[in-house]
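Reviewing the structure listed below.
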Amino acid sequence: MAFSNDFAQTLKQQTDIVRIVGDYVSLKKAGAQNYSGLCPFHKEKTPSFSVHATRQFFHCFGCGVSGDVFSFVQKIDNITFPEAVRAVAQKMGIALPKQTFNTEAEAKDARLRTSLLEIHERASAFFQESLRRPEGARAREYLAGRGLDDDTIRKFRIGFAPDSGFLLRDRLKGEFSEEVLRESGLMSWKESSQPSPINRQEQRPAADPVTPSETEETAGPEAQSLKPKADVSSMYSKFRNRVMFPIANESGRVIAFTGRTLSNDEKAGPKYLNSPETGIYSKSRVLFNLDLAKESIRALHYAILVEGQMDCISVFAAGFRNVIASSGTAFTGAQAALLARFSKQVVVNFDPDAAGAKATERTLGLLVEEEFDIRVLTLETGFDPDLYVRRKGKEAYAAAMKKSQRYFDYMIERARTQFPVRSAEGKAKAVNYLLPHVQRVPSRIVRDEITEEIAQKLNIDSGVLRQELKHAAATRKTATVKAAPDAQVNDAEKILIRALASGGQMQSENSVSDRSGEDDAFDPVRQARYVLSAERLHLGLGTESLIDALLNSNTSAELMNLPISEQERGLLAAVLLKDDEELTAEQIEGAVRALRRVQIRRRLEQIQRQLETLRSPDPTELRSLMDEKLRLKRALMSPSATGDENTAVSAD
């Protein structure tokens, strides 16, 4: 899939990069045109990520990543350039032109992904319709018993999968191909050697038996592709006699389902049946309800993380709109990174039973590695979040939230509960239990504070505990303080780099700059280009190759895509992110004079070295060097080294 360069360029000109990046990063204004925040591409506590509003680029001074709005979306969503163009256009509400594709395989893949999104929307509508029909009565009773009203059911698009295995298939087969039906994860089928289910529809029971393709719900696309092919007539719905909970992506498009069985029959399959992974769904990269919760998470600056979908729905319906769930699967690093885009503060509220406590520990470990500010909400024994809210009400849940514990307070309490610390053996076990969690903390300062707290609460000598941690701490990479990229660049170079990068101010070659800067004709780009191209004042400077790249580029070219090194890209970003004031003629002239003086001094040093190495100097050569030396010294002492023919510096 591809879009024309003209469309991509026009789209970028119409796009507010601050708005797009702000959907992923919490940005704060840091200058007239600059915004800063925590980099989403590496772990950090002090913001080093910057966005320039007018020049439309981003740069991180910590990890060095730079680019425009498309490269940002590409990198953070792990998608291709054409997909990033599509995503930005959709976010900005700009219509897309007709797509073109580089290869037939690329076109086929794009068509399949589009069809998979469409088939899931159709299936969701079918399940919602079925819930309202007479056969959905039991499902409605179940949902009412769980305390869900009609508004909540509509909000979460909850539905019902009928007992028949063929109603959904027959609804979809007229709109979608056999391949889409097979790849959707919505269908099961018998192997080709067995009779087709449709040929014995009248004889089979209402609830179709579970087949191998159903029980392999966690199989990935590779495993799916190894399954036998099936024509439409042999397919039937994977989800039958189940309450259906759609799983949406961040944009709110349905990409998968979880079905809760209404049958107690042993042939009904698992209590909860999840969609397999498909071309649009990877369960380790999705957070349930993020599409509805993300704005509240940003506004409140924290998220509530629960384990199950019903927990999430009940807590959300009670008014806590910043709640998300891991959909009953093990929390993953990818999910932690996804959540970090919206807030680094989280309250974890998993079930208080043994399995829930273990899941909490695993989840907390991943969140600690991502440097989240974590609190743990532990409810009374026997209460998961769903039951607690329904039985005790939202006020009680809000009160419990206020009593949530800091992460290591929770972990220390767990250690004390599991291992009585009155004995040396108990203390040793408690320490061994806590050490792996302490080692996950990236910051050495924070680890030291935690060590002191553990030592105090377990009544252990802090020196002994530090010794236990010493090896782990020594193997950790500590952050190093780097000098700013522009620290070794003088102000004159920065001004001229800014001028060369001001592509939007470029005027025609026939225009004449007013050197006073008071006339609208003043053009810093043309003035800087002319002087630097004619006199090569940047030769020998650390910025020589960067300035050459700017001189050789079209001024409308992408600054962050210039053929320069990563170090130079960082320098360019550092200079441009500090250009809060408009360039004037005086600044340009001053920068030019400064560089001329630099070149004069360099030439004087060359002449001095030549004079010192002359053993039997030729009188003519000696006189020429002495005359040039005298002329350059006079020029250097002049209030303005104007660069006329009497003060021009040789480039040898």
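The chains in the structure tokens are called A, B, ... from first to last as shown; in each chain the residues are counted from 1, and the ligands are counted from 1 in the order shown.
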Taking the backbone alone, and naming residues the way the document does, which bits of range 57-174 of chain A are alpha helix (DSSP H) by DSSP, as a ChimeraX atom specification?
/A:69-77,81-92,104-132,137-145,150-155,167-172
Determine, counting only C-alpha atoms, which protein, DNA and RNA residues have an atom within 6 Å of an atom of range 240-247 of chain A; residues of the same chain fewer than 6 positions away are not included. Present the result as an mmCIF file with N, CA, C and O atoms, in the first residue's frame.
```
data_model
loop_
_atom_site.group_PDB
_atom_site.id
_atom_site.type_symbol
_atom_site.label_atom_id
_atom_site.label_comp_id
_atom_site.auth_asym_id
_atom_site.auth_seq_id
_atom_site.Cartn_x
_atom_site.Cartn_y
_atom_site.Cartn_z
ATOM 1 N N ILE A 158 -22.039 -5.628 24.199
ATOM 2 C CA ILE A 158 -22.136 -7.023 24.628
ATOM 3 C C ILE A 158 -23.235 -7.710 23.826
ATOM 4 O O ILE A 158 -24.282 -7.114 23.541
ATOM 5 N N GLY A 159 -23.015 -8.957 23.438
ATOM 6 C CA GLY A 159 -23.979 -9.680 22.621
ATOM 7 C C GLY A 159 -24.151 -11.117 23.058
ATOM 8 O O GLY A 159 -23.709 -11.531 24.138
ATOM 9 N N PHE A 160 -24.770 -11.886 22.193
ATOM 10 C CA PHE A 160 -25.044 -13.297 22.470
ATOM 11 C C PHE A 160 -24.793 -14.101 21.207
ATOM 12 O O PHE A 160 -25.280 -13.754 20.119
ATOM 13 N N ALA A 161 -24.042 -15.187 21.326
ATOM 14 C CA ALA A 161 -23.812 -16.112 20.213
ATOM 15 C C ALA A 161 -24.839 -17.229 20.307
ATOM 16 O O ALA A 161 -24.853 -17.968 21.296
ATOM 17 N N PRO A 162 -25.740 -17.388 19.330
ATOM 18 C CA PRO A 162 -26.787 -18.413 19.395
ATOM 19 C C PRO A 162 -26.208 -19.822 19.477
ATOM 20 O O PRO A 162 -25.034 -20.062 19.170
ATOM 21 N N ASP A 163 -27.084 -20.757 19.863
ATOM 22 C CA ASP A 163 -26.660 -22.138 20.037
ATOM 23 C C ASP A 163 -26.306 -22.791 18.709
ATOM 24 O O ASP A 163 -25.503 -23.714 18.662
ATOM 25 N N VAL A 254 -13.587 -3.341 16.661
ATOM 26 C CA VAL A 254 -13.628 -4.694 17.223
ATOM 27 C C VAL A 254 -12.630 -5.567 16.481
ATOM 28 O O VAL A 254 -12.632 -5.637 15.245
ATOM 29 N N ILE A 255 -11.770 -6.251 17.243
ATOM 30 C CA ILE A 255 -10.743 -7.090 16.629
ATOM 31 C C ILE A 255 -10.773 -8.530 17.144
ATOM 32 O O ILE A 255 -10.089 -9.391 16.595
ATOM 33 N N ALA A 256 -11.567 -8.797 18.186
ATOM 34 C CA ALA A 256 -11.621 -10.144 18.750
ATOM 35 C C ALA A 256 -12.793 -10.221 19.720
ATOM 36 O O ALA A 256 -13.480 -9.218 19.968
ATOM 37 N N PHE A 257 -13.019 -11.419 20.280
ATOM 38 C CA PHE A 257 -14.115 -11.617 21.230
ATOM 39 C C PHE A 257 -13.680 -12.541 22.354
ATOM 40 O O PHE A 257 -12.792 -13.385 22.187
ATOM 41 N N THR A 258 -14.347 -12.374 23.486
ATOM 42 C CA THR A 258 -14.332 -13.359 24.554
ATOM 43 C C THR A 258 -15.768 -13.820 24.749
ATOM 44 O O THR A 258 -16.670 -12.985 24.883
ATOM 45 N N GLY A 259 -15.980 -15.148 24.737
ATOM 46 C CA GLY A 259 -17.322 -15.687 24.919
ATOM 47 C C GLY A 259 -17.431 -16.433 26.236
ATOM 48 O O GLY A 259 -16.646 -17.348 26.491
ATOM 49 N N ARG A 260 -18.424 -16.068 27.054
ATOM 50 C CA ARG A 260 -18.655 -16.726 28.339
ATOM 51 C C ARG A 260 -19.794 -17.717 28.168
ATOM 52 O O ARG A 260 -20.918 -17.354 27.790
ATOM 53 N N THR A 261 -19.528 -18.998 28.414
ATOM 54 C CA THR A 261 -20.529 -20.022 28.163
ATOM 55 C C THR A 261 -21.730 -19.881 29.091
ATOM 56 O O THR A 261 -21.602 -19.461 30.250
ATOM 57 N N LEU A 262 -22.905 -20.246 28.576
ATOM 58 C CA LEU A 262 -24.124 -20.291 29.374
ATOM 59 C C LEU A 262 -24.542 -21.728 29.656
ATOM 60 O O LEU A 262 -25.597 -21.962 30.245
#
```
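When only C-alpha atoms are used to compute distances to Leu458 in chain A, the closest of the residues A:Asp109, A:Glu118, A:Asp548, A:Asp409 turns out to be A:Asp409.
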Please provide as number ranges by chain all residues within 9 Å of Gly308 in chain A, with the sequence filter that same-chain residues fewer than 5 positions apart are discarded (counting only C-alpha atoms).
A: 288, 313, 325-329, 350, 385-386
How would the residues just chosen look if you wrote them out with all heavy atoms as a PDB file, in the first residue's frame?
```pdb
ATOM      1  N   PHE A 288      -7.976  -4.390  27.336  1.00  0.00           N
ATOM      2  CA  PHE A 288      -9.429  -4.291  27.237  1.00  0.00           C
ATOM      3  C   PHE A 288      -9.906  -2.947  27.789  1.00  0.00           C
ATOM      4  O   PHE A 288      -9.492  -2.514  28.864  1.00  0.00           O
ATOM      5  CB  PHE A 288     -10.081  -5.438  28.023  1.00  0.00           C
ATOM      6  CG  PHE A 288     -11.580  -5.447  27.958  1.00  0.00           C
ATOM      7  CD1 PHE A 288     -12.245  -5.855  26.818  1.00  0.00           C
ATOM      8  CD2 PHE A 288     -12.331  -5.034  29.049  1.00  0.00           C
ATOM      9  CE1 PHE A 288     -13.629  -5.863  26.747  1.00  0.00           C
ATOM     10  CE2 PHE A 288     -13.713  -5.026  29.004  1.00  0.00           C
ATOM     11  CZ  PHE A 288     -14.369  -5.446  27.848  1.00  0.00           C
ATOM     12  N   ILE A 313     -15.745  -3.930  33.345  1.00  0.00           N
ATOM     13  CA  ILE A 313     -17.045  -3.369  32.978  1.00  0.00           C
ATOM     14  C   ILE A 313     -17.783  -2.855  34.210  1.00  0.00           C
ATOM     15  O   ILE A 313     -18.358  -1.763  34.201  1.00  0.00           O
ATOM     16  CB  ILE A 313     -17.881  -4.425  32.224  1.00  0.00           C
ATOM     17  CG1 ILE A 313     -17.235  -4.726  30.858  1.00  0.00           C
ATOM     18  CG2 ILE A 313     -19.315  -3.948  32.036  1.00  0.00           C
ATOM     19  CD1 ILE A 313     -17.835  -5.914  30.139  1.00  0.00           C
ATOM     20  N   ALA A 325      -8.344  -3.579  31.556  1.00  0.00           N
ATOM     21  CA  ALA A 325      -8.128  -4.960  31.998  1.00  0.00           C
ATOM     22  C   ALA A 325      -7.150  -5.668  31.079  1.00  0.00           C
ATOM     23  O   ALA A 325      -7.002  -5.321  29.908  1.00  0.00           O
ATOM     24  CB  ALA A 325      -9.455  -5.726  32.040  1.00  0.00           C
ATOM     25  N   SER A 326      -6.505  -6.658  31.635  1.00  0.00           N
ATOM     26  CA  SER A 326      -5.591  -7.487  30.850  1.00  0.00           C
ATOM     27  C   SER A 326      -6.335  -8.643  30.191  1.00  0.00           C
ATOM     28  O   SER A 326      -5.718  -9.565  29.668  1.00  0.00           O
ATOM     29  CB  SER A 326      -4.467  -8.034  31.738  1.00  0.00           C
ATOM     30  OG  SER A 326      -5.010  -8.776  32.814  1.00  0.00           O
ATOM     31  N   SER A 327      -7.659  -8.619  30.230  1.00  0.00           N
ATOM     32  CA  SER A 327      -8.524  -9.602  29.564  1.00  0.00           C
ATOM     33  C   SER A 327      -8.330 -11.018  30.081  1.00  0.00           C
ATOM     34  O   SER A 327      -8.517 -11.986  29.338  1.00  0.00           O
ATOM     35  CB  SER A 327      -8.305  -9.573  28.037  1.00  0.00           C
ATOM     36  OG  SER A 327      -8.654  -8.313  27.522  1.00  0.00           O
ATOM     37  N   GLY A 328      -7.940 -11.160  31.331  1.00  0.00           N
ATOM     38  CA  GLY A 328      -7.813 -12.487  31.908  1.00  0.00           C
ATOM     39  C   GLY A 328      -6.567 -13.229  31.494  1.00  0.00           C
ATOM     40  O   GLY A 328      -6.345 -14.366  31.912  1.00  0.00           O
ATOM     41  N   THR A 329      -5.722 -12.615  30.660  1.00  0.00           N
ATOM     42  CA  THR A 329      -4.468 -13.251  30.256  1.00  0.00           C
ATOM     43  C   THR A 329      -3.326 -12.657  31.082  1.00  0.00           C
ATOM     44  O   THR A 329      -3.486 -11.628  31.726  1.00  0.00           O
ATOM     45  CB  THR A 329      -4.191 -13.005  28.765  1.00  0.00           C
ATOM     46  OG1 THR A 329      -4.065 -11.588  28.547  1.00  0.00           O
ATOM     47  CG2 THR A 329      -5.327 -13.540  27.913  1.00  0.00           C
ATOM     48  N   PHE A 350      -6.069  -6.726  41.276  1.00  0.00           N
ATOM     49  CA  PHE A 350      -6.377  -8.083  40.847  1.00  0.00           C
ATOM     50  C   PHE A 350      -7.105  -8.815  41.964  1.00  0.00           C
ATOM     51  O   PHE A 350      -7.198  -8.344  43.100  1.00  0.00           O
ATOM     52  CB  PHE A 350      -5.109  -8.834  40.460  1.00  0.00           C
ATOM     53  CG  PHE A 350      -4.538  -8.404  39.124  1.00  0.00           C
ATOM     54  CD1 PHE A 350      -5.140  -7.403  38.370  1.00  0.00           C
ATOM     55  CD2 PHE A 350      -3.399  -8.996  38.615  1.00  0.00           C
ATOM     56  CE1 PHE A 350      -4.618  -7.004  37.149  1.00  0.00           C
ATOM     57  CE2 PHE A 350      -2.866  -8.614  37.389  1.00  0.00           C
ATOM     58  CZ  PHE A 350      -3.481  -7.614  36.661  1.00  0.00           C
ATOM     59  N   PRO A 385     -13.095  -7.261  42.026  1.00  0.00           N
ATOM     60  CA  PRO A 385     -13.607  -5.896  41.819  1.00  0.00           C
ATOM     61  C   PRO A 385     -15.073  -5.852  41.401  1.00  0.00           C
ATOM     62  O   PRO A 385     -15.837  -4.999  41.865  1.00  0.00           O
ATOM     63  CB  PRO A 385     -12.687  -5.348  40.719  1.00  0.00           C
ATOM     64  CG  PRO A 385     -11.410  -6.102  40.896  1.00  0.00           C
ATOM     65  CD  PRO A 385     -11.822  -7.482  41.308  1.00  0.00           C
ATOM     66  N   ASP A 386     -15.469  -6.779  40.523  1.00  0.00           N
ATOM     67  CA  ASP A 386     -16.854  -6.824  40.057  1.00  0.00           C
ATOM     68  C   ASP A 386     -17.812  -7.033  41.226  1.00  0.00           C
ATOM     69  O   ASP A 386     -18.772  -6.270  41.427  1.00  0.00           O
ATOM     70  CB  ASP A 386     -16.991  -7.957  39.035  1.00  0.00           C
ATOM     71  CG  ASP A 386     -18.440  -8.283  38.698  1.00  0.00           C
ATOM     72  OD1 ASP A 386     -19.241  -7.340  38.589  1.00  0.00           O
ATOM     73  OD2 ASP A 386     -18.769  -9.477  38.565  1.00  0.00           O
TER      74      ASP A 386
END
```
Which residues are near Phe57 in chain A? Cut-off 7 Å, only C-alpha atoms, ignore same chain within fewer than 6 positions. Put them as a compact mmCIF listing (two decimals) with N, CA and C atoms, in the first residue's frame.
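Dumped to around.txt:
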```txt
# COMPACT_ATOMS: atom_id res chain seq x y z
N VAL A 51 9.24 18.08 20.97
CA VAL A 51 8.50 18.22 19.72
C VAL A 51 8.48 19.69 19.35
N GLY A 67 12.56 12.40 13.94
CA GLY A 67 11.76 12.18 12.75
C GLY A 67 10.57 13.10 12.67
N ASP A 68 9.71 12.82 11.68
CA ASP A 68 8.51 13.61 11.50
C ASP A 68 7.32 12.86 12.08
N VAL A 69 6.13 13.35 11.81
CA VAL A 69 4.93 12.75 12.40
C VAL A 69 4.72 11.33 11.91
```
Give me the residues within 9 Å of Ser296 in chain A as a ChimeraX atom specification, counting only C-alpha atoms and dropping any in the same chain fewer than 3 places off.
/A:292-293,299-303,320-323
Using CA of Ala123 in chain A and CA of Leu168 in chain A as the two end points, give the distance in Å to one decimal.
7.3 Å
Give me, as number ranges by chain, all polymer residues having an atom no more than 10 Å from Ile495 in chain A, counting only C-alpha atoms and skipping those fewer than 2 positions away in the same chain.
A: 490-493, 497-501, 524, 528, 575-576, 579, 583-584, 587-588, 590-592
So the first atom is CA of Ile460 in chain A and the second is CA of Pro436 in chain A; what is the distance between them in Å, to one decimal place?
17.5 Å
How many Å separate CA of Gln527 in chain A from CA of Leu551 in chain A?
11.8 Å
